[in-house]
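To start, the structure itself, in structure tokens.
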Amino acid sequence: MYITSFVHREELFDMVQRWLCNRLDPSDGLRVTQILVCDGFILGETLDALTRLLLATLPVQTYRTQRLHFKGELRDIICRSVQISNPRITELVASYKANPDFFYKEAPVDGTAYIDETDRLIALYRIKRPRRIAEKANRYIAGHIFRMVQNRARQLAEERAQQIGIPLEYLLTPEEEMEREFTLAEEMIAGAFKEGKARFERPPVTINDVGGIKCIGDNSSLHRIEEFILQHPDFTVFERAEHSGSYRAKSLIIDVPWDRDRICRSFIEKRAWEKYANRGISETELRKGLDHLLEGVEPRICIEVTLTTFEELVESELGRSIHEERIINQRGQTVYTGYIPMNVEFLVEYLFAVAVSPQTRIDRLPIKLWGRYLPDTISHHIRRLYYLPEHDALY
């Protein structure tokens with residue numbers, strides 16, 4: 001997992017690689033906590049600064065911000081933002097107001113909304129929550145491992161073809177034999193991780209959109225923002241996508257610098273250590289700020305910027321392309337659902353759980369890539385991080 005929205009992405013990538021091979025360093029618990037405190041604050045501050053910079057290109061006089069903790073808060077803001085309606089928007093808003101619980105209103109979100117003086121939503125930013133990052137790591141790594149397993153299974157088939165003395169394309173393999181070879185290949189890949197010989201390259205497991213901004217406006221305003229991004233000398237756009245179909249929007253992945261001095265000052269001025277007080281690091285240590293944690297970090301991070309009209313925003317939050325339904329569909333479209341990618345998801349979820357828990361020391365990794373586990377297993381070990389009862393047995 002290579003998260004380009006984080007400044008410690010190389011160190012975190014190396015830690016995940018070790019964890020996948022069951023190589024735990026005694027300092028990992030404290031270090032991943034420090035990384036998430038540092039990188040989370042830097043990402044949030046940079047998202048806010050970039051959102052304000054993009055809004056400055058528009059004729060917006062004043063606006064206020066509102067922190068978002070649940071999707072229902074965002075959807076309530078959207079309903080209040082309706083100024084020029086049409087039958088479709090009227091229908092969707094009425095449907096939401098009649099039964100808001102049907103629209104995943106309790107889904108957690110980590111973000112901020114920007115609302116102008118007319119109570120209209122003009123932008124928002126969000127940081128993907130750890131559970132979503134773990135799911136995405138599962139999908140990315142599942143595809144990569146699937147190709148590794150396929151290649152190994154093909155090698156096994158080629159060996160059989162050579163033994164028989166025929167070209168591979170003439171080899172007729174019974175379905176049972178294909179399943180056996182695939183299972184054997186999967187076991188060989190898992191064994192390579194167990195021996196510490198397997199590694200992921202960065203490109204297949206790179207996640208560029210942990211931090212994201214959404215700008216809402218008419219086509220003219222959105223074009224102005226896009227041109228500003230494309231022409232900015234400090235920004236590099238290395239991915240652009242035009243979404244059509246049920247979900248319609250334009251998205252850009254941009255590489256931007258972050259302001260080290262300003263963010264370090266902001267951490268102190270905002271008393272930001274108070275929000276991290278329950279993560280196992282003493283207040284005295286947190287009050288030292290971020291500067292001593294920034295040796296060797298990346299000077300730039302990646303952020304996704306999405307440009308959408310208000311009509312399409314309503315569709316994406318209340319209508320045909322509601323965000324949570326897209327997440328559910330993504331979960332069901334994984335090409336490979338073996339035990340290895342599921343274990344990757346469990347491990348990544350546990351890594352983030354350690355980083356936000358009161359504990360900074362762990363004695364062992366509860367998930368091994370070559371083992372098999374139920375979701376109850378990871379839930380049990382996450383409960384232990386918060387000193388909750390280890391077992392929830394009724395007797």
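Naming scheme: A, B, ... for chains in displayed order of the structure tokens; residues 1 onward per chain; ligands 1 onward as shown.
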Which residues of segment 88-143 of chain A sit at most 9 Å from segment 56-80 of chain A, using only C-alpha atoms? Give each one's shortest atom pair and distance in Å (one decimal place), in chain and ascending residue order, as JSON lines.
{"residue": "A:Val93", "atom": "CA", "partner": "A:Cys79", "partner_atom": "CA", "distance": 6.1}
{"residue": "A:Tyr96", "atom": "CA", "partner": "A:Arg75", "partner_atom": "CA", "distance": 8.5}
{"residue": "A:Lys97", "atom": "CA", "partner": "A:Cys79", "partner_atom": "CA", "distance": 8.6}
{"residue": "A:Pro100", "atom": "CA", "partner": "A:Gly72", "partner_atom": "CA", "distance": 7.5}
{"residue": "A:Asp101", "atom": "CA", "partner": "A:Gly72", "partner_atom": "CA", "distance": 8.4}
{"residue": "A:Phe103", "atom": "CA", "partner": "A:Gly72", "partner_atom": "CA", "distance": 7.8}
{"residue": "A:Tyr104", "atom": "CA", "partner": "A:Lys71", "partner_atom": "CA", "distance": 6.9}
{"residue": "A:Lys105", "atom": "CA", "partner": "A:Gly72", "partner_atom": "CA", "distance": 3.8}
{"residue": "A:Glu106", "atom": "CA", "partner": "A:Phe70", "partner_atom": "CA", "distance": 5.6}
{"residue": "A:Ala107", "atom": "CA", "partner": "A:Lys71", "partner_atom": "CA", "distance": 5.4}
{"residue": "A:Pro108", "atom": "CA", "partner": "A:Phe70", "partner_atom": "CA", "distance": 4.4}
{"residue": "A:Val109", "atom": "CA", "partner": "A:His69", "partner_atom": "CA", "distance": 4.9}
{"residue": "A:Asp110", "atom": "CA", "partner": "A:His69", "partner_atom": "CA", "distance": 5.5}
{"residue": "A:Gly111", "atom": "CA", "partner": "A:Leu68", "partner_atom": "CA", "distance": 5.0}
{"residue": "A:Thr112", "atom": "CA", "partner": "A:Arg67", "partner_atom": "CA", "distance": 4.4}
{"residue": "A:Ala113", "atom": "CA", "partner": "A:Gln66", "partner_atom": "CA", "distance": 5.2}
{"residue": "A:Tyr114", "atom": "CA", "partner": "A:Thr65", "partner_atom": "CA", "distance": 4.6}
{"residue": "A:Ile115", "atom": "CA", "partner": "A:Tyr63", "partner_atom": "CA", "distance": 5.3}
{"residue": "A:Asp116", "atom": "CA", "partner": "A:Tyr63", "partner_atom": "CA", "distance": 4.0}
{"residue": "A:Glu117", "atom": "CA", "partner": "A:Tyr63", "partner_atom": "CA", "distance": 5.7}
{"residue": "A:Thr118", "atom": "CA", "partner": "A:Tyr63", "partner_atom": "CA", "distance": 8.9}
{"residue": "A:Asp119", "atom": "CA", "partner": "A:Arg80", "partner_atom": "CA", "distance": 6.9}
{"residue": "A:Arg120", "atom": "CA", "partner": "A:Arg80", "partner_atom": "CA", "distance": 7.2}
{"residue": "A:Leu121", "atom": "CA", "partner": "A:Ile78", "partner_atom": "CA", "distance": 6.6}
{"residue": "A:Ile122", "atom": "CA", "partner": "A:Tyr63", "partner_atom": "CA", "distance": 8.8}
{"residue": "A:Leu124", "atom": "CA", "partner": "A:Thr65", "partner_atom": "CA", "distance": 8.9}
{"residue": "A:Arg126", "atom": "CA", "partner": "A:Leu68", "partner_atom": "CA", "distance": 8.6}
### Task
For Asp209 of chain A, work out the shell of residues within 10 Å, counting only C-alpha atoms and skipping chain neighbours fewer than 3 positions away, then give it as an MDAnalysis selection string.
chainID A and resid 3:5 126:128 133 206 212:213 252:254 302:305
Kindly export the residues of the current selection with N, CA and C atoms, as a short mmCIF file (atom, residue, chain, number, x, y, z; two decimals), in the first residue's frame.
data_model
loop_
_atom_site.label_atom_id
_atom_site.label_comp_id
_atom_site.auth_asym_id
_atom_site.auth_seq_id
_atom_site.Cartn_x
_atom_site.Cartn_y
_atom_site.Cartn_z
N ILE A 3 0.56 5.10 -0.25
CA ILE A 3 -0.43 6.17 -0.16
C ILE A 3 0.24 7.50 -0.48
N THR A 4 -0.02 8.02 -1.68
CA THR A 4 0.68 9.23 -2.12
C THR A 4 0.15 10.50 -1.47
N SER A 5 -0.93 10.40 -0.69
CA SER A 5 -1.42 11.55 0.07
C SER A 5 -0.68 11.72 1.40
N ARG A 126 -12.60 15.66 1.89
CA ARG A 126 -12.72 14.49 2.76
C ARG A 126 -11.42 13.72 2.75
N ILE A 127 -11.18 13.02 3.85
CA ILE A 127 -10.06 12.10 3.96
C ILE A 127 -10.65 10.70 4.13
N LYS A 128 -10.23 9.78 3.29
CA LYS A 128 -10.77 8.43 3.40
C LYS A 128 -10.51 7.87 4.79
N ILE A 133 -9.64 2.70 3.26
CA ILE A 133 -8.29 2.51 2.74
C ILE A 133 -7.94 1.02 2.74
N THR A 206 -0.50 1.48 -5.49
CA THR A 206 -0.52 2.92 -5.21
C THR A 206 -1.95 3.42 -5.07
N GLY A 212 -9.23 14.06 -0.82
CA GLY A 212 -9.98 14.51 -1.99
C GLY A 212 -10.78 15.77 -1.74
N ILE A 213 -10.90 16.59 -2.79
CA ILE A 213 -11.68 17.83 -2.77
C ILE A 213 -12.76 17.73 -3.83
N LEU A 252 -9.41 14.93 -11.27
CA LEU A 252 -8.00 15.12 -11.56
C LEU A 252 -7.19 14.68 -10.34
N ILE A 253 -6.14 13.93 -10.57
CA ILE A 253 -5.18 13.63 -9.51
C ILE A 253 -4.03 14.61 -9.68
N ILE A 254 -3.81 15.44 -8.66
CA ILE A 254 -2.77 16.46 -8.78
C ILE A 254 -1.73 16.30 -7.67
N CYS A 302 -0.26 13.87 -3.16
CA CYS A 302 -1.28 13.78 -4.21
C CYS A 302 -2.67 13.97 -3.62
N ILE A 303 -3.49 14.70 -4.35
CA ILE A 303 -4.86 14.98 -3.93
C ILE A 303 -5.77 14.81 -5.15
N GLU A 304 -6.93 14.23 -4.93
CA GLU A 304 -7.93 14.12 -5.99
C GLU A 304 -8.84 15.34 -5.94
N VAL A 305 -9.04 15.99 -7.08
CA VAL A 305 -9.98 17.11 -7.18
C VAL A 305 -11.10 16.68 -8.12
#
### Query
Near Arg320 of chain A, within 8 Å and counting only C-alpha atoms, which residues show up once chain neighbours fewer than 2 positions away are dropped, as a VMD selection string?
chain A and resid 246 to 247 315 to 316 318 322
### Query
Hey, can you check how far atom CA of Asp255 of chain A sits from atom CA of Val237 of chain A?
6.4 Å
Closest atom pairs, residues of segment 195-272 of chain A within 12 Å of segment 146-164 of chain A, only C-alpha atoms, as a Markdown table:
| residue | atom | partner | partner_atom | distance |
| --- | --- | --- | --- | --- |
| A:Ala198 | CA | A:Met148 | CA | 10.5 |
| A:Arg199 | CA | A:Met148 | CA | 11.3 |
| A:Phe200 | CA | A:Met148 | CA | 10.5 |
| A:Pro204 | CA | A:Arg147 | CA | 10.7 |
### Task
Check segment 140-305 of chain A with DSSP on the backbone and list each residue it calls helix (DSSP H, G or I), as a PyMOL selection string.
chain A and resi 140-164+168-170+175-194+203-205+219-231+260-269+272-276+283-286+291-293
### Message
For a quick check of understanding, using only C-alpha atoms, which of A:Glu269, A:Met342, A:Ala241, A:Lys194 has the smallest distance to Ile145 of chain A?
### Response
A:Met342
### Task
Report the distance between atom CA of Glu317 of chain A and atom CA of Asn329 of chain A in Å, rounded to one decimal place.
15.3 Å
Residues within 9 Å of Arg23 of chain A, only C-alpha atoms, excluding chain neighbours under 4 positions, as a PDB file with C-alpha atoms, in the first residue's frame:
ATOM      1  CA  MET A  15       6.282  -1.232   7.204  1.00  0.00           C
ATOM      2  CA  GLN A  17       5.730  -4.934   3.354  1.00  0.00           C
ATOM      3  CA  ARG A  18       7.275  -6.231   6.585  1.00  0.00           C
ATOM      4  CA  TRP A  19       3.895  -6.869   8.166  1.00  0.00           C
ATOM      5  CA  GLY A 196      10.175 -12.958   3.288  1.00  0.00           C
ATOM      6  CA  LEU A 365       0.711  -9.488  14.465  1.00  0.00           C
TER       7      LEU A 365
END
### Task
Per DSSP on the backbone, filter segment 86-212 of chain A down to the residues in strand (DSSP E) and report them as a list in words.
Pro108, Val109, Asp110, Gly111, Thr112, Ala113, Tyr114, Ile115, Asp116, Leu121, Ile122, Ala123, Leu124, Tyr125, Arg126, Ile127, Thr206, Ile207, Gly211 and Gly212 of chain A
### Task
Using only C-alpha atoms, determine which residues lie at most 8 Å from Val344 of chain A, disregarding the query and same-chain residues fewer than 6 positions distant; provide the list as number ranges by chain.
A: 20, 134, 137-138, 141, 369
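For the pair atom CA of Ile327 of chain A and atom CA of Gly371 of chain A, the interatomic distance is 26.7 Å.
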### Residues near Thr46 of chain A, cut-off 12 Å, only C-alpha atoms, skip fewer than 6 positions along chain, as a ChimeraX atom specification
/A:5-7,39-40,52-53,125-127,211-213,255-260,262-264,266,299-303
#### Entry: Contact residues around Ile281 of chain A with only C-alpha atoms at 10 Å, ignoring same-chain residues under 6 positions, as JSON, numbers by chain
{"A": [30, 33, 34, 273, 358, 359, 360]}
Selection from above, C-alpha atoms, as an mmCIF file, in the first residue's frame, can you write it?
data_model
loop_
_atom_site.group_PDB
_atom_site.id
_atom_site.type_symbol
_atom_site.label_atom_id
_atom_site.label_comp_id
_atom_site.auth_asym_id
_atom_site.auth_seq_id
_atom_site.Cartn_x
_atom_site.Cartn_y
_atom_site.Cartn_z
ATOM 1 C CA LEU A 30 4.640 3.897 18.222
ATOM 2 C CA THR A 33 0.949 6.260 15.496
ATOM 3 C CA GLN A 34 3.412 9.118 14.954
ATOM 4 C CA TRP A 273 -2.294 17.839 20.027
ATOM 5 C CA PRO A 358 -4.492 4.131 23.053
ATOM 6 C CA GLN A 359 -1.764 1.494 22.641
ATOM 7 C CA THR A 360 1.580 2.138 20.978
#
#### Entry: Option closest in space to Gly319 of chain A, from A:Ser95, A:Thr236, A:Ser282, A:Asn22 [counting only C-alpha atoms]
A:Ser95
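The smallest atom-to-atom distance between Ile84 of chain A and any of A:Leu184, A:Cys21, A:Arg279, A:Phe310, using only C-alpha atoms, is found for A:Phe310.
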